[in-house]
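Read the structure below first, then the notes.
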Amino acid sequence: MTPLIGIMMLAAYLCGSISSAVLVSKLFRLPDPRLHGSGNPGATNVLRLGGKLPAVLVLVFDILKGTIPVWGSYFLQIEPLYLGLIAICACLGHIFPLFFGFKGGKAVATAFGAMMPIGLDLAGLLIGSWLIIVALSGYSSLAAILTVSLAPLFTWFIKPLYTLPVLMLSVLIILRHRENIVRLYQGKESKVWDKTKRIRE
C-alpha cells in the first residue's frame with residue numbers, strides 16, 4: 001500500500017467523521033439525534049425529529065462524505081480494491097466519528113455515496129430498490145439491508161471490476177444493522193411512518 005492510499009484512507013475517515021445530522025440539528029435547533037428519536041444520527045431520525053428540509057440536508061451531506069473521497073481516489077487512479085478500503089474508511093468515520101465521541105449512524109447514505117462513482121445506472125438501481133422495498137414493507141432498515149445485499153449483484157452486471165469493493169461495503173452495512181435484523185425477525189421493528197407519527201404526537 002502506497003503513502004497516497006494511506007493518506008486517502010485517513011482523509012476518508014476524517015471526512016466521514018463529520019456528523020451532518022448533529023450539525024444540521026444544531027443549525028435548526030432540533031434535539032440531538034444521538035439522544036432523541038431512534039438515537040441514530042442519520043437522515044431518517046432527523047426526518048422524525050425535524051421534518052423534510054433538515055433530513056434532506058443530512059442525506060445530501062452524508063452521501064457526499066462517501067462520494068468525495070472515493071471519486072477523488074478514482075481520479076488519482078487508485079486501484080478498485082483500495083477504493084473499497086477508502087470507501088469503508090469513510091463509512092467507519094460515519095459509524096465511529098472522531099469529532100463526535102465515536103457515536104455515529106448506520107452509514108447507509110455514506111455507503112451509497114461511495115458507490116455512486118461507479119455510475120448513475122447503479123445509483124438508479126439502488127435508489128429504486130430502496131424506494132420499492134420501503135413502499136411495500138414500510139421498513140427503512142429492511143430496505144437498506146436488502147438494497148445493499150443487491151448492490152454487489154447490480155455491480156457485477158454494470159462494472160464487474162468493482163464487485164469486490166461493493167461487496168466489502170455491503171457486508172459492513174449489513175453487520176451495522178444486526179440489531180435491526182433481530183428486531184425484524186422478532187416483529188418488533190417499527191415502520192417509518194409509525195415512528196414519525198408517534199414522535200410528532
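How things are named: the first chain in the C-alpha cells is A, the next is B, and so on; residues count from 1 in each chain; ligands count from 1 in the order shown.
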Review point. Contacts of Ser190 (chain A) at 9 Å or less, counting only C-alpha atoms, minus same-chain residues fewer than 6 places along, as a list in words?
Key: Gly138, Tyr139, Arg183 and Leu184 of chain A
Hey, can you spit out that residue selection with N, CA, C and O atoms as a CSV table (one decimal), in the first residue's frame?
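Just written: selection-v4.csv:
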chain,number,residue,atom,x,y,z
A,138,GLY,N,-42.6,-0.7,4.4
A,138,GLY,CA,-42.6,0.3,5.4
A,138,GLY,C,-41.4,0.4,6.3
A,138,GLY,O,-41.3,1.2,7.2
A,139,TYR,N,-40.5,-0.6,6.1
A,139,TYR,CA,-39.3,-0.7,7.0
A,139,TYR,C,-38.1,-0.1,6.3
A,139,TYR,O,-37.6,-0.6,5.3
A,183,ARG,N,-34.7,-7.3,15.4
A,183,ARG,CA,-36.0,-6.8,15.7
A,183,ARG,C,-36.9,-7.1,14.5
A,183,ARG,O,-38.1,-7.4,14.8
A,184,LEU,N,-36.5,-7.1,13.3
A,184,LEU,CA,-37.3,-7.6,12.2
A,184,LEU,C,-37.7,-9.0,12.3
A,184,LEU,O,-38.9,-9.3,12.1
**Study point:** Selection: 9 Å around Asp32 (chain A), only C-alpha atoms, excl. self and same-chain fewer than 6 positions, as a list in words
**Key:** Ala21, Val22, Ser25, Lys26, Gly39 and Pro41 of chain A
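Atom to atom, CA of Leu30 (chain A) and CA of Glu189 (chain A) stand 24.4 Å apart.
Our summary of the geometry notes that CA of Asn180 (chain A) is positioned 21.5 Å from CA of Ile63 (chain A).
Remark: for Ile181 (chain A), the closest of the candidate residues A:Ile145, A:Leu59, A:Leu81, A:Leu49 is A:Ile145 (distances computed over only C-alpha atoms).
For region 131-133 of chain A, the set of protein, DNA and RNA residues having any atom at most 10 Å away, when counting only C-alpha atoms and skipping those fewer than 4 positions along the same chain, is Leu125, Leu126, Ile127, Ser137, Gly138, Tyr139, Ser140, Ser141, Leu142, Ala143, Ala144, Leu146 and Thr147 of chain A.
Of the listed residues (A:Tyr185, A:Tyr13, A:Phe157, A:Phe112), A:Tyr13 comes nearest to Pro69 (chain A); the distances count only C-alpha atoms.
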Point to revise | Distance of CA of Gly66 (chain A) from CA of Ser149 (chain A), expressed in Å to one decimal place | key: 18.1 Å
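Residue nearest Ser19 (chain A), chosen from A:Ala123, A:Val134, A:Leu98, A:Met1 and counting only C-alpha atoms: A:Leu98.
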Report as a Markdown table the residues of region 98-124 of chain A within 7 Å of region 85-92 of chain A, each with its shortest atom pair and distance in Å (one decimal), using only C-alpha atoms, ordered by chain and increasing residue number.
| residue | atom | partner | partner_atom | distance |
| --- | --- | --- | --- | --- |
| A:Ala107 | CA | A:Cys91 | CA | 5.4 |
| A:Thr110 | CA | A:Cys91 | CA | 6.0 |
| A:Ala111 | CA | A:Cys91 | CA | 6.2 |
| A:Ala114 | CA | A:Ala87 | CA | 5.6 |
